[in-house]
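Student: Dumping the structure here so I can ask a few things about it.
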Amino acid sequence: MTGGFFEINSCTDILVEKNSPFFTSGGFYSKYSGQCGRNGHYKKCPFRPFSPLNSLYCRLEWVVLLLRGQNNFLSKRYILQAIERDSMTDKATPPVSANILVVGGGISGLTTTLEAAEAGYEVILLEKEPSLGGRVSQLRQYFPKLCPPTCGLEINYRRIKDNPRVNVYTLAEVENVDGVPGDYTVTVRMNPRYVTSECTCCGDCEKASKTEIPNEFNFGMDKTKGAYLPHNMAFPQRYVVSPQIIGTEDARRCKEACKYNAIDLEMESKTIDFKVGAIVWATGWVPYDATRIENLGFGRYDNIITNMMLERLAAKNGPTQGKILRPSDEKAPESVAFVQCAGSRDENHLPYCSYICCMASLKHATYIREQYPDTEVFIFYIDVRAPGQRYEKFYDKLKNDDKVFLIKGKVAEVSEDAAGNITVVAENAVTGEKIRKTVDMAVLATGMQPTTASVKLPADLNYTDDGFIINDFEKGGMFATGCANKPADVVTSNQNATGMALKAIQTLVRR
Ligand SMILES: Cc1cc2nc3c(=O)[nH]c(=O)nc-3n(C[C@H](O)[C@H](O)[C@H](O)COP(=O)(O)OP(=O)(O)OC[C@H]3O[C@@H](n4cnc5c(N)ncnc54)[C@H](O)[C@@H]3O)c2cc1C
Ligand code: SF4
Ligand code: SF4
């Protein structure tokens with residue numbers, strides 16, 4: 001069986017930092033060294049093995065690109081070619097059996113897949129979106145180390161590519177599961193991408209398209225065209241034609257623009273039956289719909305955004321190229337308020353603690369402080385949950401920042417004035433006084449809801465009242481991991497996903 005699906009020849013897309021080790025330590029220039037060489041990750045570059053000769057080669061390559069004007073030193077992307085070896089949904093003879101099926105290609109699904117495959121088991125990984133990475137690929141940085149998440153993801157992509165026991169299908173969704181532990185038949189719908197593995201990511205179809213579609217990856221803060229790359233770090237690096245333009249003049253324009261004949265508008269969805277012994281559900285989470293928290297004004301006031309929107313604003317491949325600007329007038333904010341537990345720990349919304357949003361807001365304070373040294377940050381909280389020594393340390397650092405103000409008090413209401421300023425009203429839980437704070441913009445620390453809260457999976461699974469999948473280890477065979485099972489950070493998701501790889505393997509061994 002052939003596995004993996006990519007052959008990446010070189011860095012596909014580099015976000016250049018001013019303090020890149022390319023310039024400072026002379027490290028191996030790669031996507032890793034460009035972003036986090038300080039952690040030594042550059043030695044794990046997926047594109048070329050670390051050696052002095054390769055290091056020199058990469059630097060020369062970088063200079064050539066620079067001279068050609070194909071990058072600048074402040075975050076402009078450049079694309080070298082990522083070449084697919086095997087295609088995915090359009091594979092001529094897809095493998096129809098494997099030991100384990102993993103559903104969901106976020107950090108949890110990737111981890112389960114790799115842990116099981118590297119232990120010698122054949123794994124099929126399904127992802128419903130056109131690219132892997134899940135929510136983590138939307139983050140600007142990871143707490144607590146503040147590394148770019150693309151680093152960890154790319155290492156996993158490299159491991160997938162190198163492992164013949166892994167087969168990945170994007171745009172794939174489970175329609176039905178029959179059978180018992182050790183012997184499942186899973187019917188999967190493969191949706192069309194309308195773009196074949198001949199795609200070179202030249203972008204001509206995107207230029208030709210006249211349709212504009214709100215960009216979901218950036219929470220609608222900008223638009224994509226009718227043909228688009230999901231985002232510049234997308235894996236696979238392959239364009240997609242939106243189903244919204246199929247059958248229109250715009251689709252024809254895109255096809256005509258493609259000189260590689262990579263657009264196939266006749267592609268149709270198809271179903272495939274897979275035989276597997278165990279299934280791991282890694283279907284993740286969605287941000288809680290903030291428009292439902294009526295007293296917090298999201299959707300009514302332009303300058304109230306959510307924490308995930310802030311991640312995209314701060315990301316160099318985001319809608320503002322990494323500049324945190326307030327939406328109404330693109331002003332650099334001089335003060336920002338964070339509203340913790342926005343929806344979480346509230347019987348009317350999410351009754352549970354979402355686990356990560358205290359740490360996320362502390363991290364967001366670092367984004368703001370880095371960009372705007374004089375900007376004040378006000379964090380309104382019920383309790384600060386920063387579990388474990390490393391998170392506690394991170395919290396301590398922020399507590400000692402004289403521009404960061406942590407205020408114990410639940411926000412009761414917000415309003416926006418004619419100039420777009422936001423007033424946050426809360427009761428200080430320590431002093432009992434009512435606080436009114438007017439800021440340039442506010443960020444709601446909205447929590448996580450499992451994707452299975454709204455749509456249940458077509459399998460015999462049990463759920464909590466909030467929609468998280470309950471693991472039934474007695475029954476075995478099917479397991480949930482990561483945020484499909486509970487709210488979790490990346491480290492916890494990884495640990496849990498490794499455990500579920502073992503549970504899946506035990507199902508096979510005990511058969
Ligand atoms: C504002 C914010 C900031 C955060 N920052 C950090 C941080 O700095 N550090 C940290 O450790 N954690 C952070 N987190 C938490 C982190 O995002 C999660 O731990 C992580 O996303 C969990 O990964 P997952 O794979 O379980 O789920 P997801 O990332 O949601 O991945 C699930 C995948 O499954 C796919 N999928 C869903 N349903 C199906 C289906 N039916 N069929 C096929 N595929 C499907 C999805 O498309 C997705 O690709 C943050 C969270 C928030 C809200
Ligand atoms: S024009 Fe063709 S090759 Fe170029 S990005 Fe579009 S689909 Fe890919
Ligand atoms: S992590 Fe913090 S902000 Fe999020 S729900 Fe828990 S206490 Fe509230």
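Ordered as shown in the structure tokens, chains take letters A, B, and onward, while each chain numbers its residues from 1 and ligands are numbered from 1 in the order shown.
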Write out as a tab-separated table a residue-level contact list of chain A versus ligand 3 with cut-off 7 Å: for each qualifying residue the closest pair of atoms and the distance in Å to one decimal, counting only C-alpha atoms and all ligand atoms, rows sorted by chain and residue number upward.

Tutor:
```
residue	atom	partner	partner_atom_place_in_ligand_line	distance
A:Gln340	CA	ligand 3	3 (S)	4.2
A:Cys341	CA	ligand 3	8 (Fe)	3.6
A:Ser344	CA	ligand 3	5 (S)	4.7
A:Arg345	CA	ligand 3	5 (S)	5.8
A:Tyr352	CA	ligand 3	5 (S)	6.9
A:Cys353	CA	ligand 3	5 (S)	3.8
A:Ser354	CA	ligand 3	5 (S)	4.3
A:Tyr355	CA	ligand 3	1 (S)	3.8
A:Ile356	CA	ligand 3	1 (S)	4.7
A:Cys357	CA	ligand 3	4 (Fe)	3.9
A:Cys358	CA	ligand 3	2 (Fe)	3.9
A:Met359	CA	ligand 3	1 (S)	6.9
A:Tyr381	CA	ligand 3	3 (S)	6.7
A:Ile382	CA	ligand 3	7 (S)	6.4
A:Asp383	CA	ligand 3	7 (S)	5.3
A:Val384	CA	ligand 3	2 (Fe)	5.5
A:Arg385	CA	ligand 3	2 (Fe)	5.1
A:Ala445	CA	ligand 3	3 (S)	6.1
A:Gly447	CA	ligand 3	4 (Fe)	6.1
```

Student: Output the selection as a tab-separated table (two decimals), in the first residue's frame - C-alpha atoms for each residue.

Tutor:
```tsv
chain	number	residue	atom	x	y	z
A	340	GLN	CA	-13.69	36.04	30.28
A	341	CYS	CA	-16.17	33.15	30.50
A	344	SER	CA	-18.85	29.39	29.46
A	345	ARG	CA	-19.77	28.53	33.06
A	352	TYR	CA	-18.76	23.96	31.79
A	353	CYS	CA	-15.39	25.70	31.94
A	354	SER	CA	-13.83	25.73	28.47
A	355	TYR	CA	-10.38	25.21	30.00
A	356	ILE	CA	-8.31	27.22	27.54
A	357	CYS	CA	-9.81	30.72	27.37
A	358	CYS	CA	-8.03	32.16	30.41
A	359	MET	CA	-4.70	31.11	28.96
A	381	TYR	CA	-12.50	37.39	34.94
A	382	ILE	CA	-14.43	35.20	37.38
A	383	ASP	CA	-11.41	33.01	38.21
A	384	VAL	CA	-8.16	32.76	36.29
A	385	ARG	CA	-7.61	29.14	35.36
A	445	ALA	CA	-13.20	34.93	25.46
A	447	GLY	CA	-15.51	28.91	24.83
```

Student: Got a sec to check which residues lie within 7 Å of ligand 1, using only C-alpha atoms and all ligand atoms, and send them as a PDB file with N, CA and C atoms, in the first residue's frame?

Tutor:
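Dumped everything to pocket.pdb:
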```
ATOM      1  N   VAL A 103     -11.083   9.948  12.385  1.00  0.00           N
ATOM      2  CA  VAL A 103     -11.969  10.934  11.771  1.00  0.00           C
ATOM      3  C   VAL A 103     -11.669  12.301  12.362  1.00  0.00           C
ATOM      4  N   GLY A 104     -11.149  13.210  11.538  1.00  0.00           N
ATOM      5  CA  GLY A 104     -10.790  14.557  11.997  1.00  0.00           C
ATOM      6  C   GLY A 104      -9.283  14.749  11.939  1.00  0.00           C
ATOM      7  N   GLY A 105      -8.853  15.719  11.139  1.00  0.00           N
ATOM      8  CA  GLY A 105      -7.412  15.920  10.909  1.00  0.00           C
ATOM      9  C   GLY A 105      -6.852  17.102  11.667  1.00  0.00           C
ATOM     10  N   GLY A 106      -7.406  17.406  12.856  1.00  0.00           N
ATOM     11  CA  GLY A 106      -6.795  18.432  13.720  1.00  0.00           C
ATOM     12  C   GLY A 106      -5.615  17.819  14.461  1.00  0.00           C
ATOM     13  N   ILE A 107      -5.121  18.539  15.453  1.00  0.00           N
ATOM     14  CA  ILE A 107      -3.917  18.065  16.149  1.00  0.00           C
ATOM     15  C   ILE A 107      -4.170  16.712  16.818  1.00  0.00           C
ATOM     16  N   SER A 108      -5.383  16.476  17.330  1.00  0.00           N
ATOM     17  CA  SER A 108      -5.677  15.195  17.989  1.00  0.00           C
ATOM     18  C   SER A 108      -5.681  14.058  16.975  1.00  0.00           C
ATOM     19  N   GLY A 109      -6.374  14.258  15.864  1.00  0.00           N
ATOM     20  CA  GLY A 109      -6.453  13.204  14.849  1.00  0.00           C
ATOM     21  C   GLY A 109      -5.087  12.909  14.246  1.00  0.00           C
ATOM     22  N   LEU A 126      -9.437  10.745   7.899  1.00  0.00           N
ATOM     23  CA  LEU A 126     -10.422  11.513   7.128  1.00  0.00           C
ATOM     24  C   LEU A 126     -10.532  12.926   7.672  1.00  0.00           C
ATOM     25  N   GLU A 127     -10.604  13.903   6.793  1.00  0.00           N
ATOM     26  CA  GLU A 127     -10.802  15.296   7.212  1.00  0.00           C
ATOM     27  C   GLU A 127     -11.895  15.883   6.325  1.00  0.00           C
ATOM     28  N   LYS A 128     -12.848  16.554   6.934  1.00  0.00           N
ATOM     29  CA  LYS A 128     -13.970  17.062   6.129  1.00  0.00           C
ATOM     30  C   LYS A 128     -13.620  18.344   5.367  1.00  0.00           C
ATOM     31  N   GLU A 129     -12.634  19.081   5.866  1.00  0.00           N
ATOM     32  CA  GLU A 129     -12.232  20.324   5.192  1.00  0.00           C
ATOM     33  C   GLU A 129     -11.210  20.009   4.081  1.00  0.00           C
ATOM     34  N   LEU A 132      -5.639  19.901   6.320  1.00  0.00           N
ATOM     35  CA  LEU A 132      -5.501  19.378   7.687  1.00  0.00           C
ATOM     36  C   LEU A 132      -5.154  20.503   8.673  1.00  0.00           C
ATOM     37  N   GLY A 133      -5.094  20.149   9.933  1.00  0.00           N
ATOM     38  CA  GLY A 133      -4.597  21.105  10.939  1.00  0.00           C
ATOM     39  C   GLY A 133      -5.646  21.554  11.931  1.00  0.00           C
ATOM     40  N   GLY A 134      -6.910  21.546  11.512  1.00  0.00           N
ATOM     41  CA  GLY A 134      -7.986  21.937  12.427  1.00  0.00           C
ATOM     42  C   GLY A 134      -7.807  23.357  12.953  1.00  0.00           C
ATOM     43  N   ARG A 135      -8.326  23.599  14.126  1.00  0.00           N
ATOM     44  CA  ARG A 135      -8.327  24.952  14.722  1.00  0.00           C
ATOM     45  C   ARG A 135      -6.926  25.469  14.993  1.00  0.00           C
ATOM     46  N   VAL A 136      -6.011  24.554  15.283  1.00  0.00           N
ATOM     47  CA  VAL A 136      -4.651  24.992  15.609  1.00  0.00           C
ATOM     48  C   VAL A 136      -4.042  25.778  14.437  1.00  0.00           C
ATOM     49  N   LEU A 139      -4.371  29.532  14.737  1.00  0.00           N
ATOM     50  CA  LEU A 139      -3.774  30.294  15.842  1.00  0.00           C
ATOM     51  C   LEU A 139      -2.522  31.044  15.383  1.00  0.00           C
ATOM     52  N   GLN A 141      -0.032  31.957  17.699  1.00  0.00           N
ATOM     53  CA  GLN A 141       1.020  31.291  18.463  1.00  0.00           C
ATOM     54  C   GLN A 141       0.381  30.342  19.469  1.00  0.00           C
ATOM     55  N   TYR A 142       1.178  29.398  19.943  1.00  0.00           N
ATOM     56  CA  TYR A 142       0.756  28.494  21.015  1.00  0.00           C
ATOM     57  C   TYR A 142       1.185  29.040  22.364  1.00  0.00           C
ATOM     58  N   PHE A 143       0.290  28.999  23.375  1.00  0.00           N
ATOM     59  CA  PHE A 143       0.811  29.162  24.731  1.00  0.00           C
ATOM     60  C   PHE A 143       1.328  27.799  25.169  1.00  0.00           C
ATOM     61  N   PRO A 144       2.216  27.666  26.113  1.00  0.00           N
ATOM     62  CA  PRO A 144       2.880  28.769  26.787  1.00  0.00           C
ATOM     63  C   PRO A 144       4.191  29.210  26.112  1.00  0.00           C
ATOM     64  N   ALA A 172     -13.666  14.614   3.192  1.00  0.00           N
ATOM     65  CA  ALA A 172     -14.269  13.291   3.390  1.00  0.00           C
ATOM     66  C   ALA A 172     -15.079  13.263   4.675  1.00  0.00           C
ATOM     67  N   GLU A 173     -16.276  12.709   4.591  1.00  0.00           N
ATOM     68  CA  GLU A 173     -17.135  12.632   5.787  1.00  0.00           C
ATOM     69  C   GLU A 173     -17.780  11.266   5.906  1.00  0.00           C
ATOM     70  N   VAL A 174     -17.870  10.800   7.148  1.00  0.00           N
ATOM     71  CA  VAL A 174     -18.479   9.483   7.392  1.00  0.00           C
ATOM     72  C   VAL A 174     -19.994   9.581   7.235  1.00  0.00           C
ATOM     73  N   ALA A 282     -11.985  12.235  16.207  1.00  0.00           N
ATOM     74  CA  ALA A 282     -11.211  13.414  16.632  1.00  0.00           C
ATOM     75  C   ALA A 282     -11.837  14.638  15.977  1.00  0.00           C
ATOM     76  N   THR A 283     -13.141  14.757  16.168  1.00  0.00           N
ATOM     77  CA  THR A 283     -13.913  15.732  15.394  1.00  0.00           C
ATOM     78  C   THR A 283     -13.915  17.150  15.988  1.00  0.00           C
ATOM     79  N   GLY A 284     -13.229  17.339  17.123  1.00  0.00           N
ATOM     80  CA  GLY A 284     -12.900  18.677  17.588  1.00  0.00           C
ATOM     81  C   GLY A 284     -14.052  19.558  18.043  1.00  0.00           C
ATOM     82  N   TRP A 285     -13.823  20.839  17.871  1.00  0.00           N
ATOM     83  CA  TRP A 285     -14.700  21.839  18.482  1.00  0.00           C
ATOM     84  C   TRP A 285     -14.970  22.992  17.528  1.00  0.00           C
ATOM     85  N   VAL A 286     -16.001  23.771  17.894  1.00  0.00           N
ATOM     86  CA  VAL A 286     -16.283  25.046  17.209  1.00  0.00           C
ATOM     87  C   VAL A 286     -16.360  26.130  18.286  1.00  0.00           C
ATOM     88  N   PRO A 287     -16.041  27.382  17.917  1.00  0.00           N
ATOM     89  CA  PRO A 287     -16.214  28.455  18.905  1.00  0.00           C
ATOM     90  C   PRO A 287     -17.707  28.618  19.206  1.00  0.00           C
ATOM     91  N   ASN A 307     -12.298  35.819  20.686  1.00  0.00           N
ATOM     92  CA  ASN A 307     -10.886  35.457  20.843  1.00  0.00           C
ATOM     93  C   ASN A 307     -10.311  34.798  19.583  1.00  0.00           C
ATOM     94  N   MET A 308     -11.120  33.975  18.892  1.00  0.00           N
ATOM     95  CA  MET A 308     -10.589  33.344  17.680  1.00  0.00           C
ATOM     96  C   MET A 308     -10.407  34.372  16.568  1.00  0.00           C
ATOM     97  N   GLU A 311      -7.119  35.881  17.131  1.00  0.00           N
ATOM     98  CA  GLU A 311      -6.028  35.018  16.629  1.00  0.00           C
ATOM     99  C   GLU A 311      -5.779  35.301  15.143  1.00  0.00           C
ATOM    100  N   ILE A 356      -9.442  26.557  28.181  1.00  0.00           N
ATOM    101  CA  ILE A 356      -8.306  27.218  27.535  1.00  0.00           C
ATOM    102  C   ILE A 356      -8.420  28.742  27.459  1.00  0.00           C
ATOM    103  N   CYS A 357      -9.625  29.301  27.723  1.00  0.00           N
ATOM    104  CA  CYS A 357      -9.810  30.718  27.369  1.00  0.00           C
ATOM    105  C   CYS A 357      -9.136  31.688  28.329  1.00  0.00           C
ATOM    106  N   ALA A 360      -5.745  31.628  26.823  1.00  0.00           N
ATOM    107  CA  ALA A 360      -5.789  32.278  25.500  1.00  0.00           C
ATOM    108  C   ALA A 360      -5.775  33.801  25.666  1.00  0.00           C
ATOM    109  N   LYS A 363      -2.420  35.001  26.654  1.00  0.00           N
ATOM    110  CA  LYS A 363      -1.576  34.978  25.452  1.00  0.00           C
ATOM    111  C   LYS A 363      -1.901  36.175  24.553  1.00  0.00           C
ATOM    112  N   ALA A 445     -13.906  36.221  25.343  1.00  0.00           N
ATOM    113  CA  ALA A 445     -13.203  34.932  25.464  1.00  0.00           C
ATOM    114  C   ALA A 445     -14.244  33.825  25.397  1.00  0.00           C
ATOM    115  N   THR A 446     -14.681  33.566  24.157  1.00  0.00           N
ATOM    116  CA  THR A 446     -15.737  32.563  23.962  1.00  0.00           C
ATOM    117  C   THR A 446     -15.147  31.157  24.094  1.00  0.00           C
ATOM    118  N   GLY A 447     -15.991  30.255  24.533  1.00  0.00           N
ATOM    119  CA  GLY A 447     -15.510  28.908  24.826  1.00  0.00           C
ATOM    120  C   GLY A 447     -15.660  27.944  23.670  1.00  0.00           C
ATOM    121  N   MET A 448     -15.377  26.697  23.986  1.00  0.00           N
ATOM    122  CA  MET A 448     -15.386  25.634  22.976  1.00  0.00           C
ATOM    123  C   MET A 448     -16.651  24.804  23.099  1.00  0.00           C
ATOM    124  N   THR A 451     -18.033  19.778  18.056  1.00  0.00           N
ATOM    125  CA  THR A 451     -18.767  19.806  16.773  1.00  0.00           C
ATOM    126  C   THR A 451     -19.999  18.903  16.874  1.00  0.00           C
ATOM    127  N   LEU A 457     -22.813  12.128  15.193  1.00  0.00           N
ATOM    128  CA  LEU A 457     -22.121  11.306  14.199  1.00  0.00           C
ATOM    129  C   LEU A 457     -22.950  10.059  13.866  1.00  0.00           C
ATOM    130  N   THR A 481     -11.318  11.430  21.006  1.00  0.00           N
ATOM    131  CA  THR A 481     -10.105  12.052  21.536  1.00  0.00           C
ATOM    132  C   THR A 481     -10.129  13.571  21.370  1.00  0.00           C
ATOM    133  N   GLY A 482      -9.255  14.241  22.115  1.00  0.00           N
ATOM    134  CA  GLY A 482      -9.135  15.707  22.025  1.00  0.00           C
ATOM    135  C   GLY A 482     -10.430  16.383  22.422  1.00  0.00           C
ATOM    136  N   CYS A 483     -10.743  17.474  21.724  1.00  0.00           N
ATOM    137  CA  CYS A 483     -11.908  18.275  22.098  1.00  0.00           C
ATOM    138  C   CYS A 483     -13.233  17.631  21.688  1.00  0.00           C
ATOM    139  N   ALA A 484     -13.195  16.523  20.998  1.00  0.00           N
ATOM    140  CA  ALA A 484     -14.428  15.775  20.763  1.00  0.00           C
ATOM    141  C   ALA A 484     -14.884  15.154  22.077  1.00  0.00           C
ATOM    142  N   ALA A 488      -9.961  21.054  25.783  1.00  0.00           N
ATOM    143  CA  ALA A 488      -8.556  20.729  26.078  1.00  0.00           C
ATOM    144  C   ALA A 488      -7.619  21.656  25.328  1.00  0.00           C
ATOM    145  N   ASP A 489      -6.415  21.824  25.891  1.00  0.00           N
ATOM    146  CA  ASP A 489      -5.357  22.520  25.170  1.00  0.00           C
ATOM    147  C   ASP A 489      -4.631  21.511  24.280  1.00  0.00           C
ATOM    148  N   VAL A 490      -3.596  21.981  23.604  1.00  0.00           N
ATOM    149  CA  VAL A 490      -2.919  21.105  22.648  1.00  0.00           C
ATOM    150  C   VAL A 490      -2.163  19.983  23.359  1.00  0.00           C
ATOM    151  N   VAL A 491      -1.491  20.323  24.448  1.00  0.00           N
ATOM    152  CA  VAL A 491      -0.713  19.288  25.152  1.00  0.00           C
ATOM    153  C   VAL A 491      -1.648  18.170  25.630  1.00  0.00           C
ATOM    154  N   SER A 493      -4.575  17.446  24.480  1.00  0.00           N
ATOM    155  CA  SER A 493      -5.115  16.754  23.294  1.00  0.00           C
ATOM    156  C   SER A 493      -4.107  15.729  22.790  1.00  0.00           C
TER     157      SER A 493
END
```

Student: Please provide the set of residues having any atom within 9 Å of region 203-220 of chain A, restricted to only C-alpha atoms, with same-chain residues fewer than 4 positions apart removed, written as a PyMOL selection string.

Tutor: chain A and resi 138+224-231+239+241-242+244-245+250-251+253-259+263+308-309+312-313+318-319

Student: So which residues touch region 427-440 of chain A within 6 Å, counting only C-alpha atoms, skipping near sequence neighbours fewer than 2 positions away, as a PyMOL selection string?

Tutor: chain A and resi 333+335-336+408-409+421-425

Student: Have a look at CA of Ser269 (chain A) and CA of Arg193 (chain A) and let me know their distance in Å, one decimal.

Tutor: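 Going from CA of Ser269 (chain A) over to CA of Arg193 (chain A), I get 9.1 Å.
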
Student: How many Å separate CA of Leu296 (chain A) from CA of Glu413 (chain A)?

Tutor: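 That distance, rounded to one decimal, is 5.9 Å.
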